[in-house]
$ cat entry22.pdb   # PDB, C-alpha atoms
ATOM      1  CA  MET O   1      19.667  18.773  36.844  1.00  0.00           C
ATOM      2  CA  ILE O   2      18.170  15.748  38.612  1.00  0.00           C
ATOM      3  CA  ASN O   3      15.095  17.783  39.539  1.00  0.00           C
ATOM      4  CA  LYS O   4      14.645  18.818  35.917  1.00  0.00           C
ATOM      5  CA  ILE O   5      14.853  15.191  34.726  1.00  0.00           C
ATOM      6  CA  ALA O   6      12.403  14.082  37.414  1.00  0.00           C
ATOM      7  CA  SER O   7      10.005  16.857  36.406  1.00  0.00           C
ATOM      8  CA  THR O   8      10.216  15.800  32.756  1.00  0.00           C
ATOM      9  CA  ILE O   9       9.479  12.177  33.661  1.00  0.00           C
ATOM     10  CA  GLU O  10       6.506  13.213  35.783  1.00  0.00           C
ATOM     11  CA  MET O  11       5.103  15.406  33.008  1.00  0.00           C
ATOM     12  CA  SER O  12       5.389  12.529  30.515  1.00  0.00           C
ATOM     13  CA  PHE O  13       2.882  10.570  32.588  1.00  0.00           C
ATOM     14  CA  ASP O  14       0.503  13.492  32.970  1.00  0.00           C
ATOM     15  CA  ILE O  15      -1.490  12.827  29.797  1.00  0.00           C
ATOM     16  CA  PRO O  16      -4.666  14.868  29.188  1.00  0.00           C
ATOM     17  CA  GLU O  17      -7.916  12.907  29.120  1.00  0.00           C
ATOM     18  CA  SER O  18      -8.559  14.215  25.581  1.00  0.00           C
ATOM     19  CA  GLU O  19      -5.409  12.458  24.351  1.00  0.00           C
ATOM     20  CA  VAL O  20      -6.295   9.280  26.213  1.00  0.00           C
ATOM     21  CA  GLU O  21      -9.694   9.254  24.506  1.00  0.00           C
ATOM     22  CA  GLU O  22      -8.092   9.810  21.086  1.00  0.00           C
ATOM     23  CA  ALA O  23      -5.756   6.885  21.774  1.00  0.00           C
ATOM     24  CA  ARG O  24      -8.690   4.655  22.761  1.00  0.00           C
ATOM     25  CA  VAL O  25     -10.534   5.470  19.541  1.00  0.00           C
ATOM     26  CA  ALA O  26      -7.338   4.941  17.518  1.00  0.00           C
ATOM     27  CA  ALA O  27      -6.877   1.517  19.116  1.00  0.00           C
ATOM     28  CA  ASP O  28     -10.478   0.628  18.192  1.00  0.00           C
ATOM     29  CA  ASP O  29      -9.925   1.852  14.622  1.00  0.00           C
ATOM     30  CA  PHE O  30      -6.916  -0.422  14.216  1.00  0.00           C
ATOM     31  CA  LYS O  31      -8.890  -3.348  15.638  1.00  0.00           C
ATOM     32  CA  ARG O  32     -11.440  -2.637  12.916  1.00  0.00           C
ATOM     33  CA  VAL O  33      -8.677  -2.887  10.306  1.00  0.00           C
ATOM     34  CA  ILE O  34      -7.821  -6.344  11.630  1.00  0.00           C
ATOM     35  CA  ASN O  35     -11.505  -7.338  11.509  1.00  0.00           C
ATOM     36  CA  VAL O  36     -12.043  -6.300   7.883  1.00  0.00           C
ATOM     37  CA  LEU O  37      -8.745  -7.958   6.929  1.00  0.00           C
ATOM     38  CA  ASP O  38      -9.990 -11.148   8.527  1.00  0.00           C
ATOM     39  CA  VAL O  39     -13.202 -11.018   6.483  1.00  0.00           C
ATOM     40  CA  ALA O  40     -11.206 -10.413   3.292  1.00  0.00           C
ATOM     41  CA  LYS O  41      -8.873 -13.351   4.008  1.00  0.00           C
ATOM     42  CA  LYS O  42     -11.749 -15.724   4.753  1.00  0.00           C
ATOM     43  CA  HIS O  43     -13.346 -14.855   1.414  1.00  0.00           C
ATOM     44  CA  LEU O  44     -10.118 -15.792  -0.365  1.00  0.00           C
ATOM     45  CA  ASN O  45     -10.525 -19.325   1.009  1.00  0.00           C
ATOM     46  CA  ILE O  46     -13.535 -19.903  -1.269  1.00  0.00           C
ATOM     47  CA  MET O  47     -11.200 -20.455  -4.212  1.00  0.00           C
ATOM     48  CA  TYR O  48      -7.917 -21.093  -2.419  1.00  0.00           C
ATOM     49  CA  GLU O  49      -8.840 -24.275  -0.540  1.00  0.00           C
ATOM     50  CA  PRO O  50     -10.290 -26.266  -3.479  1.00  0.00           C
ATOM     51  CA  PHE O  51      -7.517 -25.051  -5.801  1.00  0.00           C
ATOM     52  CA  LYS O  52      -4.847 -25.923  -3.238  1.00  0.00           C
ATOM     53  CA  SER O  53      -6.145 -29.484  -2.794  1.00  0.00           C
ATOM     54  CA  ALA O  54      -6.796 -30.154  -6.502  1.00  0.00           C
ATOM     55  CA  GLU O  55      -4.086 -31.981  -8.436  1.00  0.00           C
ATOM     56  CA  SER O  56      -4.908 -30.143 -11.652  1.00  0.00           C
ATOM     57  CA  ILE O  57      -7.654 -28.009 -13.179  1.00  0.00           C
ATOM     58  CA  PRO O  58      -8.035 -27.978 -16.997  1.00  0.00           C
ATOM     59  CA  PRO O  59      -8.186 -24.476 -18.540  1.00  0.00           C
ATOM     60  CA  ASP O  60     -11.501 -25.376 -20.202  1.00  0.00           C
ATOM     61  CA  SER O  61     -13.063 -26.059 -16.800  1.00  0.00           C
ATOM     62  CA  VAL O  62     -11.773 -22.726 -15.493  1.00  0.00           C
ATOM     63  CA  TYR O  63     -13.179 -20.819 -18.453  1.00  0.00           C
ATOM     64  CA  GLU O  64     -16.546 -22.527 -18.030  1.00  0.00           C
ATOM     65  CA  TYR O  65     -16.884 -20.895 -14.612  1.00  0.00           C
ATOM     66  CA  ARG O  66     -15.671 -17.452 -15.716  1.00  0.00           C
ATOM     67  CA  GLY O  67     -18.878 -15.810 -14.434  1.00  0.00           C
ATOM     68  CA  ALA O  68     -18.332 -17.108 -10.905  1.00  0.00           C
ATOM     69  CA  ILE O  69     -14.656 -16.128 -11.046  1.00  0.00           C
ATOM     70  CA  HIS O  70     -15.629 -12.624 -12.135  1.00  0.00           C
ATOM     71  CA  ARG O  71     -17.998 -12.270  -9.171  1.00  0.00           C
ATOM     72  CA  TYR O  72     -15.249 -13.622  -6.930  1.00  0.00           C
ATOM     73  CA  LYS O  73     -12.936 -10.900  -8.233  1.00  0.00           C
ATOM     74  CA  GLU O  74     -15.500  -8.188  -7.624  1.00  0.00           C
ATOM     75  CA  GLN O  75     -15.914  -9.307  -4.031  1.00  0.00           C
ATOM     76  CA  ILE O  76     -12.141  -9.261  -3.528  1.00  0.00           C
ATOM     77  CA  VAL O  77     -12.041  -5.661  -4.733  1.00  0.00           C
ATOM     78  CA  GLU O  78     -14.920  -4.704  -2.438  1.00  0.00           C
ATOM     79  CA  ASN O  79     -13.364  -6.431   0.570  1.00  0.00           C
ATOM     80  CA  PHE O  80      -9.975  -4.799   0.183  1.00  0.00           C
ATOM     81  CA  ASN O  81     -11.500  -1.389  -0.529  1.00  0.00           C
ATOM     82  CA  LYS O  82     -13.024  -1.722   2.937  1.00  0.00           C
ATOM     83  CA  VAL O  83      -9.571  -2.570   4.287  1.00  0.00           C
ATOM     84  CA  LYS O  84      -8.130   0.589   2.719  1.00  0.00           C
ATOM     85  CA  ALA O  85     -11.003   2.718   4.016  1.00  0.00           C
ATOM     86  CA  ALA O  86     -10.607   1.368   7.557  1.00  0.00           C
ATOM     87  CA  SER O  87      -6.841   1.849   7.324  1.00  0.00           C
ATOM     88  CA  PHE O  88      -7.262   5.446   6.187  1.00  0.00           C
ATOM     89  CA  LEU O  89      -9.525   6.260   9.134  1.00  0.00           C
ATOM     90  CA  ALA O  90      -7.077   4.602  11.539  1.00  0.00           C
ATOM     91  CA  ILE O  91      -4.191   6.671  10.165  1.00  0.00           C
ATOM     92  CA  MET O  92      -6.247   9.860  10.427  1.00  0.00           C
ATOM     93  CA  ARG O  93      -6.927   9.116  14.090  1.00  0.00           C
ATOM     94  CA  LEU O  94      -3.322   8.217  14.872  1.00  0.00           C
ATOM     95  CA  ASN O  95      -2.194  11.396  13.132  1.00  0.00           C
ATOM     96  CA  PHE O  96      -3.492  13.249  16.219  1.00  0.00           C
ATOM     97  CA  PHE O  97      -0.164  12.224  17.797  1.00  0.00           C
ATOM     98  CA  SER O  98       1.975  13.087  14.759  1.00  0.00           C
ATOM     99  CA  THR O  99       4.242  15.363  16.810  1.00  0.00           C
ATOM    100  CA  ASP O 100       5.595  12.136  18.322  1.00  0.00           C
ATOM    101  CA  THR O 101       8.381  10.978  15.987  1.00  0.00           C
ATOM    102  CA  HIS O 102       7.799   7.330  16.895  1.00  0.00           C
ATOM    103  CA  ILE O 103       4.114   7.634  15.986  1.00  0.00           C
ATOM    104  CA  MET O 104       5.087   9.106  12.614  1.00  0.00           C
ATOM    105  CA  GLU O 105       7.385   6.141  12.039  1.00  0.00           C
ATOM    106  CA  LEU O 106       4.518   3.768  12.832  1.00  0.00           C
ATOM    107  CA  ILE O 107       2.164   5.663  10.505  1.00  0.00           C
ATOM    108  CA  ASN O 108       4.645   5.472   7.613  1.00  0.00           C
ATOM    109  CA  THR O 109       5.348   1.789   8.221  1.00  0.00           C
ATOM    110  CA  PHE O 110       1.615   1.069   8.365  1.00  0.00           C
ATOM    111  CA  ARG O 111       1.008   2.944   5.100  1.00  0.00           C
ATOM    112  CA  ASP O 112       3.766   0.947   3.399  1.00  0.00           C
ATOM    113  CA  SER O 113       2.339  -2.322   4.739  1.00  0.00           C
ATOM    114  CA  VAL O 114      -1.167  -1.590   3.454  1.00  0.00           C
ATOM    115  CA  THR O 115       0.326  -0.504   0.126  1.00  0.00           C
ATOM    116  CA  ASP O 116       2.015  -3.901  -0.098  1.00  0.00           C
ATOM    117  CA  VAL O 117      -1.344  -5.606   0.531  1.00  0.00           C
ATOM    118  CA  GLU O 118      -2.860  -3.548  -2.289  1.00  0.00           C
ATOM    119  CA  LYS O 119       0.028  -4.512  -4.588  1.00  0.00           C
ATOM    120  CA  GLN O 120      -0.434  -8.226  -3.896  1.00  0.00           C
ATOM    121  CA  VAL O 121      -4.199  -7.965  -4.373  1.00  0.00           C
ATOM    122  CA  ASN O 122      -3.695  -6.339  -7.789  1.00  0.00           C
ATOM    123  CA  ILE O 123      -1.338  -9.149  -8.788  1.00  0.00           C
ATOM    124  CA  LEU O 124      -3.980 -11.687  -7.749  1.00  0.00           C
ATOM    125  CA  LEU O 125      -6.637  -9.858  -9.766  1.00  0.00           C
ATOM    126  CA  ASP O 126      -4.395 -10.008 -12.852  1.00  0.00           C
ATOM    127  CA  VAL O 127      -3.941 -13.731 -12.285  1.00  0.00           C
ATOM    128  CA  LEU O 128      -7.730 -14.196 -12.119  1.00  0.00           C
ATOM    129  CA  ASP O 129      -8.036 -12.446 -15.478  1.00  0.00           C
ATOM    130  CA  ASP O 130      -5.737 -14.939 -17.176  1.00  0.00           C
ATOM    131  CA  LEU O 131      -8.313 -17.733 -17.316  1.00  0.00           C
ATOM    132  CA  LYS O 132      -6.679 -19.642 -20.165  1.00  0.00           C
ATOM    133  CA  SER O 133      -3.274 -19.936 -18.526  1.00  0.00           C
ATOM    134  CA  ALA O 134      -2.023 -23.509 -18.051  1.00  0.00           C
ATOM    135  CA  GLU O 135      -0.684 -22.391 -14.641  1.00  0.00           C
ATOM    136  CA  PHE O 136      -3.935 -20.733 -13.581  1.00  0.00           C
ATOM    137  CA  LYS O 137      -4.469 -23.015 -10.564  1.00  0.00           C
ATOM    138  CA  ASP O 138      -0.910 -22.660  -9.244  1.00  0.00           C
ATOM    139  CA  ASN O 139      -0.858 -18.920  -9.877  1.00  0.00           C
ATOM    140  CA  VAL O 140      -4.092 -18.428  -7.942  1.00  0.00           C
ATOM    141  CA  VAL O 141      -2.725 -20.407  -4.989  1.00  0.00           C
ATOM    142  CA  LYS O 142       0.519 -18.393  -4.990  1.00  0.00           C
ATOM    143  CA  GLY O 143      -1.398 -15.141  -5.413  1.00  0.00           C
ATOM    144  CA  VAL O 144      -3.684 -15.799  -2.452  1.00  0.00           C
ATOM    145  CA  GLU O 145      -0.741 -16.845  -0.286  1.00  0.00           C
ATOM    146  CA  SER O 146       1.079 -13.606  -1.139  1.00  0.00           C
ATOM    147  CA  VAL O 147      -1.970 -11.548  -0.180  1.00  0.00           C
ATOM    148  CA  ARG O 148      -2.283 -13.488   3.067  1.00  0.00           C
ATOM    149  CA  GLN O 149       1.375 -12.889   3.930  1.00  0.00           C
ATOM    150  CA  ALA O 150       1.070  -9.163   3.280  1.00  0.00           C
ATOM    151  CA  ALA O 151      -2.094  -9.040   5.391  1.00  0.00           C
ATOM    152  CA  PHE O 152      -0.320 -10.954   8.170  1.00  0.00           C
ATOM    153  CA  GLU O 153       2.411  -8.284   8.241  1.00  0.00           C
ATOM    154  CA  VAL O 154      -0.232  -5.565   8.667  1.00  0.00           C
ATOM    155  CA  GLU O 155      -1.887  -7.448  11.529  1.00  0.00           C
ATOM    156  CA  LYS O 156       1.478  -8.092  13.182  1.00  0.00           C
ATOM    157  CA  LEU O 157       2.378  -4.409  12.946  1.00  0.00           C
ATOM    158  CA  ILE O 158      -0.926  -3.393  14.548  1.00  0.00           C
ATOM    159  CA  LYS O 159      -0.801  -5.938  17.359  1.00  0.00           C
ATOM    160  CA  GLU O 160       2.893  -5.884  18.215  1.00  0.00           C
ATOM    161  CA  ARG O 161       3.815  -2.257  17.594  1.00  0.00           C
ATOM    162  CA  ILE O 162       0.878   0.134  17.254  1.00  0.00           C
ATOM    163  CA  HIS O 163      -1.348  -1.288  19.990  1.00  0.00           C
ATOM    164  CA  ASP O 164       1.624  -1.938  22.262  1.00  0.00           C
ATOM    165  CA  TYR O 165       2.844   1.647  21.856  1.00  0.00           C
ATOM    166  CA  LEU O 166      -0.583   3.143  22.576  1.00  0.00           C
ATOM    167  CA  ASP O 167      -1.034   0.865  25.585  1.00  0.00           C
ATOM    168  CA  ALA O 168       2.382   1.542  27.066  1.00  0.00           C
ATOM    169  CA  ASN O 169       2.749   5.262  26.369  1.00  0.00           C
ATOM    170  CA  ILE O 170      -0.758   6.736  26.416  1.00  0.00           C
ATOM    171  CA  LEU O 171      -3.378   4.332  27.727  1.00  0.00           C
ATOM    172  CA  ALA O 172      -1.139   2.803  30.414  1.00  0.00           C
ATOM    173  CA  ASN O 173      -2.682  -0.609  29.805  1.00  0.00           C
ATOM    174  CA  ASP O 174      -0.677  -3.435  31.318  1.00  0.00           C
ATOM    175  CA  TRP O 175      -1.405  -6.485  33.455  1.00  0.00           C
ATOM    176  CA  VAL O 176      -1.480  -4.367  36.616  1.00  0.00           C
ATOM    177  CA  SER O 177      -4.082  -1.922  35.295  1.00  0.00           C
ATOM    178  CA  ASN O 178      -6.094  -4.768  33.741  1.00  0.00           C
ATOM    179  CA  MET O 179      -6.201  -6.694  37.016  1.00  0.00           C
ATOM    180  CA  SER O 180      -7.054  -3.471  38.830  1.00  0.00           C
ATOM    181  CA  VAL O 181     -10.164  -3.132  36.664  1.00  0.00           C
ATOM    182  CA  GLU O 182     -11.037  -6.830  36.967  1.00  0.00           C
ATOM    183  CA  LEU O 183     -10.640  -6.890  40.753  1.00  0.00           C
ATOM    184  CA  LYS O 184     -12.134  -3.405  41.173  1.00  0.00           C
ATOM    185  CA  THR O 185      -9.232  -2.213  43.306  1.00  0.00           C
ATOM    186  CA  GLN O 186      -6.167  -0.042  42.876  1.00  0.00           C
ATOM    187  CA  ILE O 187      -2.611  -0.019  44.154  1.00  0.00           C
ATOM    188  CA  LYS O 188      -2.336   2.928  46.498  1.00  0.00           C
ATOM    189  CA  ASP O 189       0.547   5.281  45.878  1.00  0.00           C
ATOM    190  CA  ARG O 190       2.982   5.170  48.770  1.00  0.00           C
ATOM    191  CA  VAL O 191       3.722   8.548  50.307  1.00  0.00           C
ATOM    192  CA  PRO O 192       7.500   9.166  50.261  1.00  0.00           C
ATOM    193  CA  TYR O 193       9.151   9.027  53.715  1.00  0.00           C
ATOM    194  CA  ILE O 194      10.311  12.645  53.568  1.00  0.00           C
ATOM    195  CA  THR O 195       6.723  13.688  52.837  1.00  0.00           C
ATOM    196  CA  GLN O 196       5.492  11.664  55.806  1.00  0.00           C
ATOM    197  CA  LEU O 197       7.939  13.477  58.084  1.00  0.00           C
ATOM    198  CA  PHE O 198       6.821  16.843  56.747  1.00  0.00           C
ATOM    199  CA  LEU O 199       3.141  16.025  57.251  1.00  0.00           C
ATOM    200  CA  GLU O 200       3.766  14.763  60.799  1.00  0.00           C
ATOM    201  CA  ARG O 201       5.768  17.897  61.659  1.00  0.00           C
ATOM    202  CA  GLN O 202       3.068  20.119  60.152  1.00  0.00           C
ATOM    203  CA  LYS O 203       0.403  18.296  62.168  1.00  0.00           C
ATOM    204  CA  ALA O 204       2.429  18.753  65.372  1.00  0.00           C
ATOM    205  CA  LEU O 205       2.875  22.474  64.699  1.00  0.00           C
ATOM    206  CA  ASP O 206      -0.866  22.862  64.051  1.00  0.00           C
ATOM    207  CA  MET O 207      -1.629  21.180  67.385  1.00  0.00           C
ATOM    208  CA  ILE O 208       0.769  23.521  69.189  1.00  0.00           C
ATOM    209  CA  GLY O 209      -0.805  26.501  67.483  1.00  0.00           C
ATOM    210  CA  ASN O 210      -4.312  25.390  68.443  1.00  0.00           C
ATOM    211  CA  LYS O 211      -3.281  24.987  72.101  1.00  0.00           C
ATOM    212  CA  GLU O 212      -1.714  28.459  72.226  1.00  0.00           C
ATOM    213  CA  SER O 213      -4.828  30.045  70.765  1.00  0.00           C
TER     214      SER O 213
END
$ encode --input "entry22.pdb" --output "structure tokens"
Amino acid sequence: MINKIASTIEMSFDIPESEVEEARVAADDFKRVINVLDVAKKHLNIMYEPFKSAESIPPDSVYEYRGAIHRYKEQIVENFNKVKAASFLAIMRLNFFSTDTHIMELINTFRDSVTDVEKQVNILLDVLDDLKSAEFKDNVVKGVESVRQAAFEVEKLIKERIHDYLDANILANDWVSNMSVELKTQIKDRVPYITQLFLERQKALDMIGNKES
């Protein structure tokens, strides 16, 4: 029984290079999701920061700049369409490991998180359509903050769960392997004592055999 368990453990670390490469590409795809999310969030600051600091903004002033607000909306849509596209590609790559139940859980959680971002973005877009609302300024601020929070949850999921799982279970990236690359050296596997005895005995027998011949 112990031998069977040991064999199973050993096999779990014997990961084909093809799977390692898929995991590397998947990790890069999820980094790309974070990058496009970052661009989308920075664009939101164009309206968020002045609205957040302003004491009040009259509806007439808002309506006067409806053209700029419309272009702002269009850019939001474009930015978050890129987020969804990058997220889709990342899921497709991670789906390579879908036989792993934990990976499937991560995929489903990620899909739900991106769906929540999309939901909050749509709410913000509706707010930006209501130009004559007396609460337009406050609603925009709240809307942007909700989108940011949803985006933060996606980034947290990628960094703390998806990347960590790929690193620990497929790529074997930890501080030891990272330092090994940085220092250009490796920790040598120690030969078990019983194996040393066997090798020494085999060497002695070979020497005896060579003398007899």
$ closest_residue --input "entry22.pdb" --among "O:Ala85, O:Met104, O:Ile76, O:Ile208" --to "Val144 in chain O" --atoms "all atoms listed in the file"
O:Ile76
$ residues_near_point --input "entry22.pdb" --point "(-6.3, -9.8, 9.8)" --cutoff "12 Å" --atoms "all atoms listed in the file" --output "ChimeraX atom specification"
/O:30-42,80,83,87,114,117,147-159
$ closest_residue --input "entry22.pdb" --among "O:Lys84, O:Lys142, O:Arg71, O:Arg66" --to "Asp130 in chain O" --atoms "all atoms listed in the file"
O:Arg66
$ resolve_selection --input "entry22.pdb" --expression "the PyMOL selection byres ((chain O and resi 120) around 8)" --output "number ranges by chain"
O: 116-119, 121-124, 143, 146-147, 150
$ resolve_selection --input "entry22.pdb" --expression "the PyMOL selection byres ((chain O and resi 62) around 12)" --output "list in words"
Met47, Phe51, Ser56, Ile57, Pro58, Pro59, Asp60, Ser61, Tyr63, Glu64, Tyr65, Arg66, Gly67, Ala68, Ile69, His70, Leu128, Asp129, Asp130, Leu131, Lys132, Ser133, Ala134, Glu135, Phe136, Lys137 and Val140 of chain O
$ atom_distance --input "entry22.pdb" --atom1 "CA of Asn45 in chain O" --atom2 "CA of Phe110 in chain O"
24.8 Å
$ closest_residue --input "entry22.pdb" --among "O:His43, O:Leu166, O:Glu21, O:Asp100" --to "Glu78 in chain O" --atoms "all atoms listed in the file"
O:His43
$ resolve_selection --input "entry22.pdb" --expression "the PyMOL selection byres ((chain O and resi 94) around 12)" --output "PyMOL selection string"
chain O and resi 19-30+87-93+95-100+102-108+110-111+158+162-163+165-166+170
$ atom_distance --input "entry22.pdb" --atom1 "CA of Ile46 in chain O" --atom2 "CA of Glu145 in chain O"
13.2 Å
$ atom_distance --input "entry22.pdb" --atom1 "CA of Ala86 in chain O" --atom2 "CA of Glu17 in chain O"
24.6 Å
$ axis_aligned_box --input "entry22.pdb" --around "range 102-121 of chain O" --padding-each-side "3 Å" --output "lines of an AutoDock Vina configuration file"
center_x = 1.8
center_y = 0.4
center_z = 6.2
size_x = 18.0
size_y = 23.3
size_z = 27.5
$ closest_residue --input "entry22.pdb" --among "O:Leu171, O:Leu125, O:Ser113, O:Asn139" --to "Ser18 in chain O" --atoms "only C-alpha atoms"
O:Leu171
